[in-house]
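K.L.:
So that you have it, the file is entry.csv, and it contains CSV, C-alpha atoms:
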chain,number,residue,atom,x,y,z
A,1174,MET,CA,100.3,166.9,149.8
A,1175,ASN,CA,103.7,166.6,151.4
A,1176,LYS,CA,106.2,166.4,148.6
A,1177,PRO,CA,109.1,164.6,150.3
A,1178,ILE,CA,106.7,161.9,151.5
A,1179,LEU,CA,105.2,161.5,148.1
A,1180,PHE,CA,108.6,161.2,146.3
A,1181,GLY,CA,110.0,159.0,149.1
A,1182,GLY,CA,107.0,156.7,148.7
A,1183,LEU,CA,107.3,156.7,144.9
A,1184,ALA,CA,111.0,155.8,145.1
A,1185,VAL,CA,110.4,152.9,147.5
A,1186,THR,CA,107.5,151.6,145.3
A,1187,ALA,CA,109.5,152.0,142.1
A,1188,ALA,CA,112.4,150.0,143.6
A,1189,LEU,CA,109.9,147.2,144.7
A,1190,VAL,CA,108.3,147.1,141.3
A,1191,VAL,CA,111.7,146.7,139.6
A,1192,LEU,CA,112.6,144.0,142.1
A,1193,PHE,CA,109.4,142.1,141.6
A,1194,ALA,CA,109.5,142.5,137.8
A,1195,THR,CA,112.9,141.0,137.5
A,1196,SER,CA,112.6,138.3,140.2
A,1197,PHE,CA,109.1,136.9,139.9
A,1198,GLY,CA,109.0,133.6,138.1
A,1199,LYS,CA,112.6,132.7,139.0
A,1200,ASP,CA,113.5,130.0,141.4
A,1201,PRO,CA,115.2,131.7,144.3
A,1202,HIS,CA,117.1,128.6,145.1
A,1203,LYS,CA,118.6,128.4,141.7
A,1204,VAL,CA,122.0,129.8,141.3
A,1205,ASP,CA,123.4,130.3,137.8
A,1206,SER,CA,126.4,128.1,137.1
A,1207,PRO,CA,129.6,130.1,136.5
A,1208,LEU,CA,130.9,127.2,134.4
A,1209,ILE,CA,128.6,127.8,131.5
A,1210,GLY,CA,130.6,129.2,128.6
A,1211,LYS,CA,133.9,128.1,130.3
A,1212,VAL,CA,136.2,125.2,129.5
A,1213,ALA,CA,134.8,122.1,131.3
A,1214,PRO,CA,136.8,120.9,134.3
A,1215,SER,CA,139.1,118.1,133.2
A,1216,PHE,CA,138.4,114.6,134.7
A,1217,ASP,CA,140.0,111.2,134.5
A,1218,LEU,CA,137.6,108.6,135.9
A,1219,PRO,CA,137.5,104.8,136.0
A,1220,VAL,CA,134.7,103.1,134.1
A,1221,LEU,CA,132.4,101.0,136.2
A,1222,PRO,CA,134.0,97.5,136.1
A,1223,GLU,CA,131.9,94.9,134.3
A,1224,VAL,CA,132.8,92.1,136.6
A,1225,PRO,CA,131.8,92.7,140.2
A,1226,GLY,CA,134.7,93.0,142.7
A,1227,THR,CA,137.4,93.5,140.0
A,1228,PRO,CA,139.3,96.8,139.7
A,1229,SER,CA,138.3,99.0,136.8
A,1230,THR,CA,140.6,98.4,133.8
A,1231,GLN,CA,139.4,101.4,131.7
A,1232,ARG,CA,139.5,105.1,132.4
A,1233,VAL,CA,138.0,108.0,130.5
A,1234,SER,CA,139.4,111.5,130.6
A,1235,LEU,CA,137.8,114.5,129.2
A,1236,ALA,CA,141.0,115.3,127.4
A,1237,SER,CA,140.7,112.1,125.5
A,1238,LEU,CA,137.3,113.1,124.3
A,1239,LYS,CA,138.3,116.4,122.9
A,1240,GLY,CA,137.0,117.0,119.4
A,1241,LYS,CA,133.8,115.2,120.3
A,1242,PRO,CA,130.7,116.8,121.9
A,1243,VAL,CA,130.0,115.2,125.3
A,1244,ILE,CA,126.8,114.9,127.3
A,1245,LEU,CA,127.8,114.2,130.9
A,1246,ASN,CA,125.0,113.1,133.2
A,1247,PHE,CA,125.5,113.0,137.0
A,1248,TRP,CA,123.1,110.5,138.5
A,1249,SER,CA,122.5,107.9,141.1
A,1250,THR,CA,120.3,104.9,141.6
A,1251,TRP,CA,118.7,106.3,144.8
A,1252,CYS,CA,117.4,109.4,142.9
A,1253,ARG,CA,113.9,108.9,141.4
A,1254,PRO,CA,114.2,111.6,138.7
A,1255,CYS,CA,117.5,110.0,137.6
A,1256,VAL,CA,115.9,106.6,137.2
A,1257,ALA,CA,113.0,108.3,135.3
A,1258,GLU,CA,115.2,110.0,132.8
A,1259,HIS,CA,117.5,107.1,132.3
A,1260,GLY,CA,115.4,105.7,129.5
A,1261,VAL,CA,115.4,109.1,127.7
A,1262,LEU,CA,119.2,109.3,127.8
A,1263,ARG,CA,119.6,105.6,126.8
A,1264,GLU,CA,117.4,106.1,123.8
A,1265,ALA,CA,119.1,109.3,122.8
A,1266,ALA,CA,122.5,107.7,123.1
A,1267,ARG,CA,121.5,105.1,120.4
A,1268,TYR,CA,121.8,107.8,117.8
A,1269,THR,CA,125.5,108.2,117.1
A,1270,GLY,CA,125.3,110.1,113.8
A,1271,ASP,CA,126.3,113.4,115.3
A,1272,GLY,CA,129.3,112.0,117.2
A,1273,VAL,CA,127.9,113.0,120.6
A,1274,GLN,CA,129.3,110.9,123.4
A,1275,PHE,CA,127.2,110.1,126.4
A,1276,TYR,CA,128.7,109.4,129.8
A,1277,GLY,CA,127.1,108.9,133.1
A,1278,VAL,CA,128.9,109.8,136.4
A,1279,ALA,CA,127.6,107.9,139.4
A,1280,TYR,CA,127.1,110.2,142.4
A,1281,GLU,CA,127.3,108.9,145.9
A,1282,ASP,CA,126.4,105.4,145.0
A,1283,THR,CA,127.9,101.9,145.1
A,1284,ASP,CA,129.2,99.8,142.2
A,1285,GLU,CA,126.8,97.0,143.0
A,1286,ARG,CA,123.7,99.1,143.0
A,1287,ILE,CA,124.7,100.8,139.8
A,1288,ARG,CA,125.5,97.5,138.1
A,1289,ASP,CA,122.3,96.0,139.3
A,1290,PHE,CA,120.2,98.9,138.0
A,1291,LEU,CA,122.0,99.0,134.6
A,1292,LYS,CA,121.4,95.3,134.3
A,1293,ARG,CA,117.7,95.8,134.8
A,1294,SER,CA,117.3,99.0,132.8
A,1295,GLY,CA,119.9,98.7,130.1
A,1296,GLN,CA,123.3,100.3,129.9
A,1297,GLY,CA,123.3,102.4,126.7
A,1298,TYR,CA,126.5,104.3,127.5
A,1299,PRO,CA,129.4,104.0,130.0
A,1300,THR,CA,129.1,104.9,133.6
A,1301,LEU,CA,132.1,106.5,135.3
A,1302,ILE,CA,132.9,106.2,139.0
A,1303,ASP,CA,133.6,109.5,140.9
A,1304,GLU,CA,135.2,108.2,144.1
A,1305,GLY,CA,135.3,111.0,146.6
A,1306,GLY,CA,132.9,113.2,144.5
A,1307,ARG,CA,135.7,115.5,143.3
A,1308,THR,CA,134.4,115.6,139.7
A,1309,ALA,CA,131.0,116.5,141.1
A,1310,ILE,CA,132.5,119.3,143.1
A,1311,ALA,CA,134.5,120.6,140.1
A,1312,TYR,CA,131.3,120.7,138.1
A,1313,GLY,CA,129.6,122.7,140.9
A,1314,LEU,CA,127.0,120.0,141.5
A,1315,TYR,CA,124.0,120.8,143.7
A,1316,GLY,CA,122.2,117.5,143.3
A,1317,VAL,CA,121.3,114.8,140.9
A,1318,PRO,CA,120.3,114.6,138.1
A,1319,GLU,CA,122.4,117.3,136.5
A,1320,THR,CA,123.5,117.1,132.9
A,1321,PHE,CA,126.3,119.0,131.3
A,1322,PHE,CA,126.5,119.7,127.6
A,1323,ILE,CA,130.1,120.0,126.5
A,1324,ASP,CA,131.0,120.9,122.9
A,1325,ALA,CA,133.8,119.6,120.8
A,1326,GLN,CA,136.1,122.3,122.0
A,1327,GLY,CA,135.6,121.2,125.6
A,1328,VAL,CA,133.4,124.2,126.5
A,1329,ILE,CA,130.3,123.8,128.7
A,1330,VAL,CA,127.5,125.1,126.5
A,1331,ASP,CA,124.7,124.5,129.0
A,1332,LYS,CA,123.7,122.6,132.0
A,1333,PHE,CA,120.3,121.1,132.9
A,1334,GLU,CA,119.1,120.4,136.4
A,1335,GLY,CA,116.4,117.8,136.9
A,1336,PRO,CA,115.1,115.0,134.7
A,1337,LEU,CA,115.5,115.5,130.9
A,1338,ASP,CA,112.6,114.9,128.6
A,1339,PRO,CA,113.3,113.9,125.0
A,1340,MET,CA,112.4,117.3,123.6
A,1341,THR,CA,114.6,119.3,126.0
A,1342,LEU,CA,117.5,116.8,125.5
A,1343,ALA,CA,117.2,117.1,121.7
A,1344,GLY,CA,117.2,120.8,121.9
A,1345,LEU,CA,120.3,121.0,124.0
A,1346,ARG,CA,122.0,118.4,122.0
A,1347,SER,CA,121.4,120.3,118.8
A,1348,ARG,CA,123.3,123.2,120.4
A,1349,LEU,CA,126.3,121.0,120.7
A,1350,VAL,CA,126.5,120.0,117.1
A,1351,GLY,CA,124.6,122.8,115.4
A,1352,PRO,CA,121.1,122.3,113.9
A,1353,ARG,CA,120.9,119.4,111.5
B,760,MET,CA,140.6,131.8,105.3
B,761,LYS,CA,142.0,132.9,108.7
B,762,ARG,CA,139.2,131.1,110.4
B,763,SER,CA,139.8,127.8,108.7
B,764,ALA,CA,143.5,128.1,109.6
B,765,LEU,CA,142.5,128.6,113.2
B,766,VAL,CA,140.2,125.7,113.2
B,767,PHE,CA,142.9,123.5,111.7
B,768,ALA,CA,145.5,124.6,114.2
B,769,THR,CA,143.0,124.0,117.1
B,770,THR,CA,142.2,120.6,115.8
B,771,LEU,CA,145.9,119.8,115.5
B,772,ILE,CA,146.6,121.0,119.0
B,773,TYR,CA,143.7,119.0,120.4
B,774,SER,CA,144.6,115.8,118.6
B,775,THR,CA,148.2,116.2,119.8
B,776,ILE,CA,146.9,116.7,123.4
B,777,SER,CA,144.6,113.7,123.2
B,778,LEU,CA,147.3,111.6,121.7
B,779,ALA,CA,149.7,112.6,124.4
B,780,ASP,CA,147.0,111.9,126.9
B,781,THR,CA,146.5,108.4,125.7
B,782,LEU,CA,150.2,107.8,125.8
B,783,VAL,CA,150.8,109.2,129.3
B,784,ALA,CA,147.4,108.1,130.8
B,785,PRO,CA,145.8,106.7,132.8
B,786,CYS,CA,146.4,109.3,135.6
B,787,PRO,CA,149.1,111.9,134.7
B,788,ASN,CA,149.1,113.6,138.1
B,789,ALA,CA,149.4,110.6,140.3
B,790,GLY,CA,150.8,111.3,143.7
B,791,PRO,CA,152.9,108.9,145.9
B,792,GLU,CA,149.6,107.1,146.7
B,793,GLY,CA,148.9,106.4,143.1
B,794,CYS,CA,146.0,107.4,140.9
B,795,PRO,CA,143.4,108.7,143.3
B,796,LYS,CA,145.6,111.7,144.0
B,797,GLY,CA,145.2,112.7,140.4
B,798,GLU,CA,141.5,113.4,141.0
B,799,LEU,CA,142.4,116.7,142.6
B,800,GLN,CA,143.6,117.7,139.2
B,801,THR,CA,139.9,118.2,138.2
B,802,LEU,CA,139.6,120.9,140.9
B,803,VAL,CA,142.9,122.7,140.7
B,804,ALA,CA,143.2,122.8,136.9
B,805,ASP,CA,146.7,124.4,136.3
B,806,GLU,CA,147.0,126.3,139.5
B,807,LYS,CA,150.1,125.8,141.5
B,808,PRO,CA,150.1,126.0,145.3
B,809,ASN,CA,151.1,129.3,146.8
B,810,GLY,CA,151.9,128.2,150.4
B,811,PRO,CA,153.8,125.5,152.2
B,812,PRO,CA,152.2,122.0,152.5
B,813,LEU,CA,150.4,121.5,155.8
B,814,SER,CA,150.1,118.4,157.9
B,815,GLY,CA,149.1,117.2,161.3
B,816,ASP,CA,147.3,119.6,163.7
B,817,ALA,CA,148.0,122.7,161.6
B,818,LEU,CA,146.3,121.0,158.7
B,819,GLU,CA,143.3,119.9,160.7
B,820,GLN,CA,142.9,123.4,162.2
B,821,ARG,CA,143.2,125.2,158.9
B,822,THR,CA,140.7,122.7,157.3
B,823,GLN,CA,138.2,123.6,160.0
B,824,THR,CA,138.7,127.4,159.5
B,825,VAL,CA,138.4,127.2,155.7
B,826,ALA,CA,135.5,124.7,155.7
B,827,ALA,CA,133.6,127.0,158.1
B,828,ASP,CA,133.4,129.6,155.3
B,829,ILE,CA,132.3,127.3,152.6
B,830,ARG,CA,128.6,126.9,152.1
B,831,CYS,CA,127.3,123.3,151.9
B,832,PRO,CA,125.4,123.4,148.5
B,833,VAL,CA,122.9,120.7,149.5
B,834,CYS,CA,122.0,122.2,152.9
B,835,GLN,CA,120.2,125.3,154.1
B,836,GLY,CA,122.6,127.9,155.1
B,837,SER,CA,125.2,125.8,156.8
B,838,SER,CA,128.9,125.4,156.2
B,839,ILE,CA,130.6,122.2,155.0
B,840,ALA,CA,132.3,122.1,158.5
B,841,ASP,CA,128.8,121.7,160.1
B,842,SER,CA,127.0,119.5,157.7
B,843,PRO,CA,127.1,115.7,158.0
B,844,SER,CA,126.0,115.2,154.4
B,845,GLU,CA,128.2,113.2,152.1
B,846,MET,CA,128.6,116.1,149.7
B,847,ALA,CA,129.9,118.3,152.6
B,848,ARG,CA,132.2,115.5,153.7
B,849,ASN,CA,133.6,115.1,150.2
B,850,MET,CA,134.1,118.9,150.0
B,851,LYS,CA,135.8,119.0,153.3
B,852,SER,CA,138.1,116.2,152.4
B,853,SER,CA,139.0,118.1,149.2
B,854,VAL,CA,139.7,121.2,151.3
B,855,ARG,CA,142.0,119.1,153.5
B,856,ASP,CA,143.8,117.6,150.5
B,857,LEU,CA,144.3,121.0,148.9
B,858,LEU,CA,145.7,122.6,152.0
B,859,ALA,CA,147.9,119.5,152.5
B,860,LEU,CA,149.4,120.2,149.1
B,861,GLY,CA,150.1,123.8,150.0
B,862,TYR,CA,147.2,125.7,148.4
B,863,ASP,CA,146.4,128.7,150.6
B,864,ASP,CA,143.0,129.7,152.0
B,865,GLN,CA,142.3,132.1,149.1
B,866,GLN,CA,143.2,129.6,146.5
B,867,VAL,CA,141.0,126.9,148.1
B,868,MET,CA,138.1,129.5,148.2
B,869,ARG,CA,138.8,130.4,144.6
B,870,ILE,CA,138.8,126.8,143.5
B,871,PHE,CA,135.3,126.2,145.0
B,872,GLU,CA,134.1,129.6,143.7
B,873,ARG,CA,135.1,128.6,140.2
B,874,ALA,CA,132.7,125.7,140.3
B,875,TYR,CA,129.8,127.2,142.4
B,876,GLY,CA,130.2,130.9,142.0
B,877,GLU,CA,130.2,133.4,144.9
B,878,PHE,CA,127.2,131.5,146.4
B,879,ILE,CA,129.7,129.1,147.9
B,880,ARG,CA,131.1,131.7,150.2
B,881,LEU,CA,129.0,131.8,153.4
B,882,GLU,CA,130.1,135.4,153.9
B,883,PRO,CA,129.9,137.4,150.7
B,884,VAL,CA,132.9,139.6,149.7
B,885,ALA,CA,132.6,143.2,150.7
B,886,ASP,CA,132.9,144.5,147.2
B,887,GLY,CA,130.8,146.1,144.5
B,888,PHE,CA,127.1,145.7,144.8
B,889,ASN,CA,127.6,143.5,147.9
B,890,LEU,CA,128.6,146.7,149.8
B,891,VAL,CA,124.9,147.4,150.0
B,892,VAL,CA,124.8,144.7,152.7
B,893,TRP,CA,127.4,146.5,154.8
B,894,ILE,CA,126.4,150.1,154.1
B,895,GLY,CA,122.6,149.6,153.7
B,896,PRO,CA,121.8,149.2,157.4
B,897,ILE,CA,123.9,152.3,158.4
B,898,VAL,CA,122.2,154.3,155.7
B,899,LEU,CA,118.8,153.1,156.8
B,900,LEU,CA,119.6,153.9,160.5
B,901,LEU,CA,120.7,157.4,159.5
B,902,LEU,CA,117.6,157.9,157.5
B,903,GLY,CA,115.5,156.8,160.4
B,904,LEU,CA,117.3,159.2,162.7
B,905,PHE,CA,116.7,162.0,160.2
B,906,VAL,CA,113.0,161.2,160.1
B,907,VAL,CA,112.8,161.2,163.9
B,908,TRP,CA,114.7,164.5,164.0
B,909,ARG,CA,112.3,166.0,161.5
B,910,VAL,CA,109.1,164.8,163.2
B,911,VAL,CA,110.2,165.7,166.7
B,912,ARG,CA,110.8,169.4,166.0
B,913,PRO,CA,113.3,171.1,168.3
B,914,VAL,CA,110.8,172.5,170.9
B,915,PRO,CA,112.1,175.6,172.7
B,916,ALA,CA,113.4,174.6,176.1
B,917,GLY,CA,110.9,175.4,178.8
B,918,ALA,CA,108.0,175.5,176.4
B,919,THR,CA,107.5,171.8,176.6
B,920,ASN,CA,104.2,172.2,178.3
B,921,ALA,CA,103.0,175.0,176.2
B,922,PRO,CA,99.3,175.0,177.2
B,923,ALA,CA,100.2,175.1,180.9
B,924,THR,CA,102.3,178.2,180.4
B,925,ALA,CA,99.6,180.0,178.5
B,926,GLU,CA,97.4,179.4,181.5
B,927,THR,CA,99.7,180.2,184.3
B,928,GLY,CA,101.4,183.2,182.7
B,929,ALA,CA,105.0,184.3,183.2
B,930,ASP,CA,105.7,182.1,186.2
B,931,ALA,CA,106.6,179.0,184.2
B,932,ILE,CA,108.7,180.8,181.5
B,933,ASP,CA,112.4,180.6,181.4
B,934,PRO,CA,113.8,183.9,182.6
B,935,GLU,CA,116.1,183.8,179.6
B,936,LEU,CA,113.1,183.9,177.3
B,937,GLN,CA,111.3,186.5,179.4
B,938,LYS,CA,112.7,189.5,177.5
B,939,TYR,CA,111.8,188.0,174.1
B,940,LEU,CA,108.3,187.3,175.3
B,941,GLU,CA,108.1,190.9,176.5
B,942,GLN,CA,109.2,192.1,173.1
B,943,ALA,CA,106.7,189.9,171.4
B,944,ARG,CA,103.9,191.2,173.6
B,945,ALA,CA,104.9,194.8,172.9
B,946,LEU,CA,104.9,194.1,169.2
B,947,ALA,CA,101.5,192.4,169.4
B,948,ARG,CA,100.1,195.4,171.3
B,949,HIS,CA,101.5,197.7,168.8
B,950,ASP,CA,100.3,195.8,165.7
B,951,GLY,CA,97.2,194.5,167.3
B,952,PRO,CA,94.5,196.8,165.9
B,953,THR,CA,95.9,196.9,162.4
B,954,GLY,CA,97.7,193.6,161.6
B,955,GLY,CA,96.2,191.0,163.9
B,956,GLY,CA,92.6,192.3,164.1
B,957,ASN,CA,89.6,191.2,162.2
Translate this file's structure into structure tokens.
P.N.:
Amino acid sequence: MNKPILFGGLAVTAALVVLFATSFGKDPHKVDSPLIGKVAPSFDLPVLPEVPGTPSTQRVSLASLKGKPVILNFWSTWCRPCVAEHGVLREAARYTGDGVQFYGVAYEDTDERIRDFLKRSGQGYPTLIDEGGRTAIAYGLYGVPETFFIDAQGVIVDKFEGPLDPMTLAGLRSRLVGPR
Amino acid sequence: MKRSALVFATTLIYSTISLADTLVAPCPNAGPEGCPKGELQTLVADEKPNGPPLSGDALEQRTQTVAADIRCPVCQGSSIADSPSEMARNMKSSVRDLLALGYDDQQVMRIFERAYGEFIRLEPVADGFNLVVWIGPIVLLLLGLFVVWRVVRPVPAGATNAPATAETGADAIDPELQKYLEQARALARHDGPTGGGN
């Protein structure tokens, strides 16, 4: 047996085994967000005006929410999974005992369509308008829905891509406020 | 004890900030155009621009250059300069606004990197583990050359068609090698009956 060939072959195989062992089961398109564990990007966004055609009278900034845990959900009416998870978020927002604040951020959508959808499906919590998509960019958004879990200190504890189910949402929420 | 003092101090600072915010709000960083300018605040955080503000053709050109290096996160391997998607257009307009305010190329890149990680760079930085991408091909090429060198042994010049020379005798042999061949034959004759036999 040719030793160099044997060891060369073993080295290549070992490298491949390590690569497969660490990478199998992972979504190759998923990139870990560098924002997790960091202070959430600040924002200052208008709330969807209640009366169509009127300018928004209310704004919400992250700074004004400091001291309260925030669940920030980027969504849009043209996104099926967002529509599917809306009920889950709306129901979860009804419980206010732990002080968690829910906010939706509309992504690439129009005021009319959002208002129309919320009228049909129930509002539950305020929707903010991200004109120009700058907040989405600051949060490193890849698509919708994406939900950010920000603790009372303003740090992003976790982020969830895709539609939330009640169990996952409850689990992530408990990490914002500690187990009850 | 220390911990509770820290928590108290933090709470105090936060409540002061949020109070200040409600007083100064709605958009503290409003530019000459009013509130929308303030939205850039979410991207730049506390960073101050390093360069001079750009405008006109210079701004447009620089926007193209920088945008060509930023990956469109909703596309497959194209830059925000090439993609017509709304996400890419929003990102490009952010690049333009940042450059217009005087943020330089590296700062703009860093701002996007802060949100998306290194993935946002179409061309990874030649640093650390990434160097494999640069050095790897060269190493593999050298390795290949080494293997070829080992497999194709240096054949003595002139002995390339060895069987033929064995048949035709001394005619085909390099005169340079002739004397060595003679020596070898002499040795073989000498050692023949003892060493080589049987």
K.L.:
Tell me which protein, DNA and RNA residues are within 12 Å of Arg1288 of chain A, counting all atoms listed in the file, leaving out same-chain ones fewer than 6 positions away, and put them as a list in words.
P.N.:
Val1220, Leu1221, Pro1222, Glu1223, Val1224, Pro1225, Gly1226, Ser1249, Thr1250, Ala1279, Asp1282, Ser1294, Gly1295, Gln1296, Pro1299, Thr1300, Leu1301 and Ile1302 of chain A
K.L.:
Identify which of the residues A:Pro1177, A:Gly1260, A:Gly1210, A:Pro1242 lies closest to Val906 of chain B, counting only C-alpha atoms when measuring atom-to-atom distances.
P.N.:
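Smallest separation from Val906 of chain B among the options: A:Pro1177.
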K.L.:
Could I get the residues of chain B with an atom no further than 6 Å from an atom of chain A, each paired with its nearest atom pair and that distance in Å to one decimal, using all atoms listed in the file, sorted by chain and residue number, as a Markdown table?
P.N.:
| residue | atom | partner | partner_atom | distance |
| --- | --- | --- | --- | --- |
| B:Ser777 | CA | A:Ser1237 | CA | 4.8 |
| B:Thr801 | CA | A:Ser1215 | CA | 5.1 |
| B:Leu802 | CA | A:Ala1311 | CA | 5.2 |
| B:Pro832 | CA | A:Tyr1315 | CA | 5.6 |
| B:Val833 | CA | A:Tyr1315 | CA | 5.9 |
| B:Asn849 | CA | A:Gly1305 | CA | 5.7 |
| B:Ala874 | CA | A:Gly1313 | CA | 4.4 |
| B:Tyr875 | CA | A:Gly1313 | CA | 4.7 |
| B:Gly876 | CA | A:Pro1207 | CA | 5.6 |
K.L.:
Report the distance between atom CA of Phe1275 of chain A and atom CA of Arg1263 of chain A in Å, rounded to one decimal place.
P.N.:
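Spanning atom CA of Phe1275 of chain A to atom CA of Arg1263 of chain A is a straight-line distance of 8.8 Å.
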K.L.:
Suppose you want the space between atom CA of Val1350 of chain A and atom CA of Gly1272 of chain A; what is it in Å?
P.N.:
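A separation of 8.5 Å between them.
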K.L.:
Provide the atom CA of Val911 of chain B to atom CA of Ile1178 of chain A distance in Å, to one decimal place.
P.N.:
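Those two atoms sit 16.1 Å apart.
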